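This report concerns only the one structure given below.
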Amino acid sequence: MTITIIGSGKVGASAALNCGLRELDRDILLLDIVQGLPQGEAMDINHQLSERGSDAVARGSNNYEDMRGSDYVVLVAGVGRKPGMTRMDLLKTNAGIVKDVAGKIASYAKDATIIVVTNPLDPMTYLALKAIGAKKNKVMGMGGMLDLSRFKSFIQDATKISRDSIQAMVISEHGENMLPLTRFSSIGGIPLHEFISKDKAMEIFEKTRKVAAEVIALKGATVYAPGNAVATMLESAIRDKKLVIPVSALLEGEYGISDLCIGVPAIIGAGGVERVIELKLDSFEQDVFNKGVASVKEAIKALPL
Ligand SMILES: NC(=O)c1ccc[n+]([C@@H]2O[C@H](COP(=O)([O-])OP(=O)(O)OC[C@H]3O[C@@H](n4cnc5c(N)ncnc54)[C@H](O)[C@@H]3O)[C@@H](O)[C@H]2O)c1
Ligand SMILES: O=C(O)C[C@H](O)C(=O)O
């Protein structure tokens, strides 16, 4: 079995390290167009893995043929946003890269389970799915899983209760219309609203939506949490854990939406996206979700399909 990570920059390398630490696979292949980068990252990662007793081995390559027959592929090639930009501002540049990489995946690992990370996440997930010609359950975007980790960290900050007891959900666009669902979040199974006021919940809602831009303004990119989020999704698929996590998935009637990828809760197992879970949204939540759908729909119109 092989996990191939296409794009060995900051997030690709972090994803490889997190996969290695969890020993999700013995063979982790890092690919990139920059000579030396994936090879150097693989060496550095292996030095840490050997000290941690993990038998996973990373290798680096600039040759797409090396990914032939990979079972899991992470597509994280592309540019990141600069301070002041939205993720959607990357649409044109990254669509070209994702289309090109999707062609390689179609040639060498068409049947793989694919996790898309490149931004803007929801349109890129849709583009990859269509350009690869993969089955819809085999392609999912990583966005909500990362938003969720931020949301949980703000809940912990507000309540000072163990992160282990916090359950939360974030859906909709991984972008300007992100929807942290305070109503579907809980601590120890007890609704979040028993612990924090409505005002505090609203404050956390806004912080979750904006915090990635804050990290980018401070250090240039988000790195560790995205790498971990990718590994959590892969772990659920590889170990058939059937975690309920938010992923960008192709909707075909769920939430009244068709032919569009957007963040929704789903069961992730050996079959990939095994089931999309539909939630009954209230009017405020539905309004944000509708805006997310409209934004992704508009972006899809501009894709090189
Ligand atoms: N979905 C999310 O939650 C999430 C989180 C973090 C970052 N991202 C996105 O992930 C992408 C990568 O971020 P990063 O910080 O790792 O960027 P980075 O610049 O550090 O790395 C990107 C890498 O992609 C490589 N690349 C470009 N074109 C390629 C191609 N055709 N084939 C192979 N490799 C290619 C580059 O050489 C570079 O090494 C960005 O679009 C960023 O916005 C998404
Ligand atoms: O915010 C970004 O541009 C990167 C990524 O989507 C994130 O949420 O960390």
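Simple scheme: letters A, B, ... for chains in structure tokens order, numbers from 1 for residues in each chain, numbers from 1 for ligands in the order shown.
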Report the residues of range 18-263 of chain A whose backbone DSSP state falls under helix (DSSP H, G or I), written as a tab-separated table (two decimals) with C-alpha atoms, in the first residue's frame.
chain	number	residue	atom	x	y	z
A	18	ASN	CA	1.58	13.10	10.62
A	19	CYS	CA	0.85	10.00	8.50
A	20	GLY	CA	4.24	8.56	9.44
A	21	LEU	CA	3.80	9.24	13.15
A	37	LEU	CA	12.42	19.33	-2.18
A	38	PRO	CA	10.47	16.06	-1.76
A	39	GLN	CA	13.71	14.09	-1.33
A	40	GLY	CA	14.94	16.48	1.37
A	41	GLU	CA	11.60	16.51	3.19
A	42	ALA	CA	11.50	12.70	3.10
A	43	MET	CA	14.98	12.47	4.65
A	44	ASP	CA	14.14	14.93	7.42
A	45	ILE	CA	10.82	13.16	8.16
A	46	ASN	CA	12.53	9.74	8.27
A	47	HIS	CA	15.03	11.00	10.81
A	48	GLN	CA	12.18	11.97	13.13
A	49	LEU	CA	10.21	8.76	12.43
A	50	SER	CA	13.20	6.57	13.26
A	51	GLU	CA	13.54	8.28	16.63
A	64	TYR	CA	4.83	10.93	-11.27
A	65	GLU	CA	5.31	7.35	-12.50
A	66	ASP	CA	6.46	6.48	-8.99
A	67	MET	CA	2.88	6.92	-7.73
A	87	ARG	CA	-9.02	31.57	-0.53
A	88	MET	CA	-11.26	32.21	-3.54
A	89	ASP	CA	-8.66	34.64	-4.94
A	90	LEU	CA	-6.53	31.53	-5.70
A	91	LEU	CA	-9.18	30.03	-8.00
A	92	LYS	CA	-7.60	30.70	-11.39
A	93	THR	CA	-3.99	29.90	-10.48
A	94	ASN	CA	-4.72	26.73	-8.58
A	95	ALA	CA	-7.35	25.43	-11.03
A	96	GLY	CA	-4.56	25.12	-13.63
A	97	ILE	CA	-2.33	23.21	-11.21
A	98	VAL	CA	-5.13	20.94	-9.93
A	99	LYS	CA	-6.27	20.11	-13.46
A	100	ASP	CA	-2.72	19.16	-14.42
A	101	VAL	CA	-2.19	17.04	-11.29
A	102	ALA	CA	-5.62	15.41	-11.68
A	103	GLY	CA	-4.53	14.22	-15.13
A	104	LYS	CA	-1.54	12.46	-13.54
A	105	ILE	CA	-3.74	10.88	-10.87
A	106	ALA	CA	-6.08	9.65	-13.61
A	107	SER	CA	-3.09	8.06	-15.39
A	108	TYR	CA	-1.41	6.42	-12.42
A	121	LEU	CA	-11.06	23.85	-1.37
A	122	ASP	CA	-14.62	23.16	-2.50
A	123	PRO	CA	-14.20	24.15	-6.18
A	124	MET	CA	-10.83	22.33	-6.29
A	125	THR	CA	-12.43	19.15	-4.91
A	126	TYR	CA	-15.11	19.37	-7.60
A	127	LEU	CA	-12.49	19.99	-10.32
A	128	ALA	CA	-10.34	17.05	-9.17
A	129	LEU	CA	-13.34	14.72	-9.03
A	130	LYS	CA	-14.44	15.64	-12.56
A	131	ALA	CA	-10.95	15.77	-14.10
A	132	ILE	CA	-9.93	12.40	-12.65
A	136	LYS	CA	-17.84	10.37	-6.07
A	137	ASN	CA	-17.26	8.48	-2.81
A	138	LYS	CA	-13.51	8.27	-3.56
A	144	GLY	CA	-14.11	21.25	7.74
A	145	MET	CA	-11.82	18.86	9.64
A	146	LEU	CA	-9.34	21.70	10.08
A	147	ASP	CA	-12.01	24.31	10.85
A	148	LEU	CA	-13.30	21.89	13.46
A	149	SER	CA	-9.95	21.73	15.26
A	150	ARG	CA	-9.92	25.53	15.49
A	151	PHE	CA	-13.52	25.65	16.68
A	152	LYS	CA	-12.73	23.07	19.39
A	153	SER	CA	-9.71	25.02	20.52
A	154	PHE	CA	-11.85	28.17	20.96
A	155	ILE	CA	-14.47	26.16	22.90
A	156	GLN	CA	-11.73	24.83	25.18
A	157	ASP	CA	-10.40	28.34	25.65
A	158	ALA	CA	-13.86	29.63	26.66
A	159	THR	CA	-14.77	26.74	28.98
A	163	ARG	CA	-10.48	19.02	24.61
A	164	ASP	CA	-11.13	15.30	24.81
A	165	SER	CA	-14.72	15.96	25.91
A	182	THR	CA	-22.67	25.75	17.77
A	183	ARG	CA	-26.13	24.09	17.91
A	184	PHE	CA	-24.61	20.72	16.92
A	192	LEU	CA	-22.61	23.59	24.14
A	193	HIS	CA	-25.21	26.24	25.01
A	194	GLU	CA	-25.35	24.84	28.59
A	198	LYS	CA	-25.27	32.94	23.04
A	199	ASP	CA	-22.95	35.96	22.74
A	200	LYS	CA	-19.88	33.88	23.52
A	201	ALA	CA	-21.01	31.25	21.01
A	202	MET	CA	-21.34	33.97	18.37
A	203	GLU	CA	-17.88	35.30	19.23
A	204	ILE	CA	-16.40	31.80	18.79
A	205	PHE	CA	-18.33	31.39	15.53
A	206	GLU	CA	-16.68	34.53	14.11
A	207	LYS	CA	-13.20	33.69	15.43
A	208	THR	CA	-13.32	30.23	13.84
A	209	ARG	CA	-14.17	31.78	10.49
A	210	LYS	CA	-11.34	34.31	10.62
A	211	VAL	CA	-8.47	32.66	12.46
A	212	ALA	CA	-6.69	31.13	9.44
A	213	ALA	CA	-6.20	34.63	7.99
A	214	GLU	CA	-4.74	35.70	11.33
A	215	VAL	CA	-2.22	32.80	11.28
A	216	ILE	CA	-1.28	33.64	7.68
A	217	ALA	CA	-0.77	37.32	8.60
A	218	LEU	CA	1.52	36.25	11.46
A	219	LYS	CA	3.56	33.38	10.00
A	224	TYR	CA	0.62	21.77	11.53
A	225	ALA	CA	-3.16	21.65	11.99
A	226	PRO	CA	-3.81	21.04	8.26
A	227	GLY	CA	-1.27	18.17	8.21
A	228	ASN	CA	-2.94	16.59	11.21
A	229	ALA	CA	-6.43	17.02	9.70
A	230	VAL	CA	-5.33	15.19	6.52
A	231	ALA	CA	-3.94	12.34	8.63
A	232	THR	CA	-7.19	12.04	10.62
A	233	MET	CA	-9.20	11.70	7.42
A	234	LEU	CA	-6.76	9.17	5.97
A	235	GLU	CA	-6.73	7.19	9.21
A	236	SER	CA	-10.51	6.90	9.20
A	237	ALA	CA	-10.44	5.59	5.61
A	238	ILE	CA	-7.40	3.31	5.93
A	254	GLU	CA	-28.55	15.97	-0.17
A	255	TYR	CA	-29.39	19.35	1.41
A	256	GLY	CA	-31.45	20.00	-1.74
What are the closest atom pairs, with distances in Å to one decimal, for each residue of chain A lying within 7 Å of ligand 1, using only C-alpha atoms and all ligand atoms, rows by chain and rising residue number, as JSON lines?
{"residue": "A:Ile6", "atom": "CA", "partner": "ligand 1", "partner_atom_place_in_ligand_line": "33 (C)", "distance": 5.3}
{"residue": "A:Gly7", "atom": "CA", "partner": "ligand 1", "partner_atom_place_in_ligand_line": "24 (O)", "distance": 3.9}
{"residue": "A:Ser8", "atom": "CA", "partner": "ligand 1", "partner_atom_place_in_ligand_line": "39 (O)", "distance": 4.9}
{"residue": "A:Gly9", "atom": "CA", "partner": "ligand 1", "partner_atom_place_in_ligand_line": "21 (O)", "distance": 3.2}
{"residue": "A:Lys10", "atom": "CA", "partner": "ligand 1", "partner_atom_place_in_ligand_line": "16 (O)", "distance": 3.9}
{"residue": "A:Val11", "atom": "CA", "partner": "ligand 1", "partner_atom_place_in_ligand_line": "16 (O)", "distance": 3.7}
{"residue": "A:Gly12", "atom": "CA", "partner": "ligand 1", "partner_atom_place_in_ligand_line": "16 (O)", "distance": 5.4}
{"residue": "A:Leu31", "atom": "CA", "partner": "ligand 1", "partner_atom_place_in_ligand_line": "33 (C)", "distance": 6.1}
{"residue": "A:Asp32", "atom": "CA", "partner": "ligand 1", "partner_atom_place_in_ligand_line": "34 (N)", "distance": 3.8}
{"residue": "A:Ile33", "atom": "CA", "partner": "ligand 1", "partner_atom_place_in_ligand_line": "33 (C)", "distance": 4.8}
{"residue": "A:Val34", "atom": "CA", "partner": "ligand 1", "partner_atom_place_in_ligand_line": "37 (O)", "distance": 5.1}
{"residue": "A:Val76", "atom": "CA", "partner": "ligand 1", "partner_atom_place_in_ligand_line": "10 (O)", "distance": 5.0}
{"residue": "A:Ala77", "atom": "CA", "partner": "ligand 1", "partner_atom_place_in_ligand_line": "24 (O)", "distance": 3.5}
{"residue": "A:Gly78", "atom": "CA", "partner": "ligand 1", "partner_atom_place_in_ligand_line": "41 (O)", "distance": 4.5}
{"residue": "A:Val79", "atom": "CA", "partner": "ligand 1", "partner_atom_place_in_ligand_line": "41 (O)", "distance": 4.4}
{"residue": "A:Gly80", "atom": "CA", "partner": "ligand 1", "partner_atom_place_in_ligand_line": "43 (O)", "distance": 3.6}
{"residue": "A:Arg81", "atom": "CA", "partner": "ligand 1", "partner_atom_place_in_ligand_line": "43 (O)", "distance": 5.7}
{"residue": "A:Arg87", "atom": "CA", "partner": "ligand 1", "partner_atom_place_in_ligand_line": "43 (O)", "distance": 6.6}
{"residue": "A:Asn94", "atom": "CA", "partner": "ligand 1", "partner_atom_place_in_ligand_line": "41 (O)", "distance": 6.7}
{"residue": "A:Ile97", "atom": "CA", "partner": "ligand 1", "partner_atom_place_in_ligand_line": "31 (N)", "distance": 5.1}
{"residue": "A:Asp100", "atom": "CA", "partner": "ligand 1", "partner_atom_place_in_ligand_line": "31 (N)", "distance": 6.1}
{"residue": "A:Val101", "atom": "CA", "partner": "ligand 1", "partner_atom_place_in_ligand_line": "31 (N)", "distance": 5.5}
{"residue": "A:Val117", "atom": "CA", "partner": "ligand 1", "partner_atom_place_in_ligand_line": "1 (N)", "distance": 4.0}
{"residue": "A:Thr118", "atom": "CA", "partner": "ligand 1", "partner_atom_place_in_ligand_line": "41 (O)", "distance": 3.9}
{"residue": "A:Asn119", "atom": "CA", "partner": "ligand 1", "partner_atom_place_in_ligand_line": "41 (O)", "distance": 4.2}
{"residue": "A:Pro120", "atom": "CA", "partner": "ligand 1", "partner_atom_place_in_ligand_line": "43 (O)", "distance": 6.9}
{"residue": "A:Leu121", "atom": "CA", "partner": "ligand 1", "partner_atom_place_in_ligand_line": "1 (N)", "distance": 5.3}
{"residue": "A:Gly141", "atom": "CA", "partner": "ligand 1", "partner_atom_place_in_ligand_line": "1 (N)", "distance": 6.9}
{"residue": "A:Met142", "atom": "CA", "partner": "ligand 1", "partner_atom_place_in_ligand_line": "1 (N)", "distance": 4.9}
{"residue": "A:Gly143", "atom": "CA", "partner": "ligand 1", "partner_atom_place_in_ligand_line": "3 (O)", "distance": 4.0}
{"residue": "A:Leu146", "atom": "CA", "partner": "ligand 1", "partner_atom_place_in_ligand_line": "3 (O)", "distance": 5.7}
{"residue": "A:Ala221", "atom": "CA", "partner": "ligand 1", "partner_atom_place_in_ligand_line": "15 (O)", "distance": 5.5}
{"residue": "A:Thr222", "atom": "CA", "partner": "ligand 1", "partner_atom_place_in_ligand_line": "6 (C)", "distance": 5.4}
{"residue": "A:Val223", "atom": "CA", "partner": "ligand 1", "partner_atom_place_in_ligand_line": "6 (C)", "distance": 6.3}
{"residue": "A:Pro226", "atom": "CA", "partner": "ligand 1", "partner_atom_place_in_ligand_line": "5 (C)", "distance": 4.9}
For a quick check of understanding, using only C-alpha atoms, which of A:Asp240, A:Leu75, A:Glu252, A:Glu173 has the smallest distance to Ala294 in chain A?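 Distance minimum relative to Ala294 in chain A lands on A:Glu173.
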Step one, run DSSP on the backbone; step two, keep only residues of range 14-107 of chain A assigned to strand (DSSP E); then write them as JSON, numbers by chain. {"A": [27, 28, 29, 30, 31, 57, 58, 59, 60, 61, 72, 73, 74, 75]}
Closest atom pairs, residues of range 189-254 of chain A within 6 Å of range 263-277 of chain A, only C-alpha atoms, as a Markdown table:
| residue | atom | partner | partner_atom | distance |
| --- | --- | --- | --- | --- |
| A:Ser236 | CA | A:Gly269 | CA | 5.5 |
| A:Ala237 | CA | A:Gly269 | CA | 4.2 |
| A:Asp240 | CA | A:Gly269 | CA | 4.2 |
| A:Lys241 | CA | A:Gly269 | CA | 5.7 |
| A:Lys242 | CA | A:Gly269 | CA | 4.5 |
| A:Leu243 | CA | A:Ile268 | CA | 5.6 |
| A:Val244 | CA | A:Ile267 | CA | 4.6 |
| A:Ile245 | CA | A:Pro265 | CA | 5.3 |
| A:Pro246 | CA | A:Pro265 | CA | 4.1 |
| A:Val247 | CA | A:Gly263 | CA | 5.0 |
| A:Ser248 | CA | A:Gly263 | CA | 4.0 |
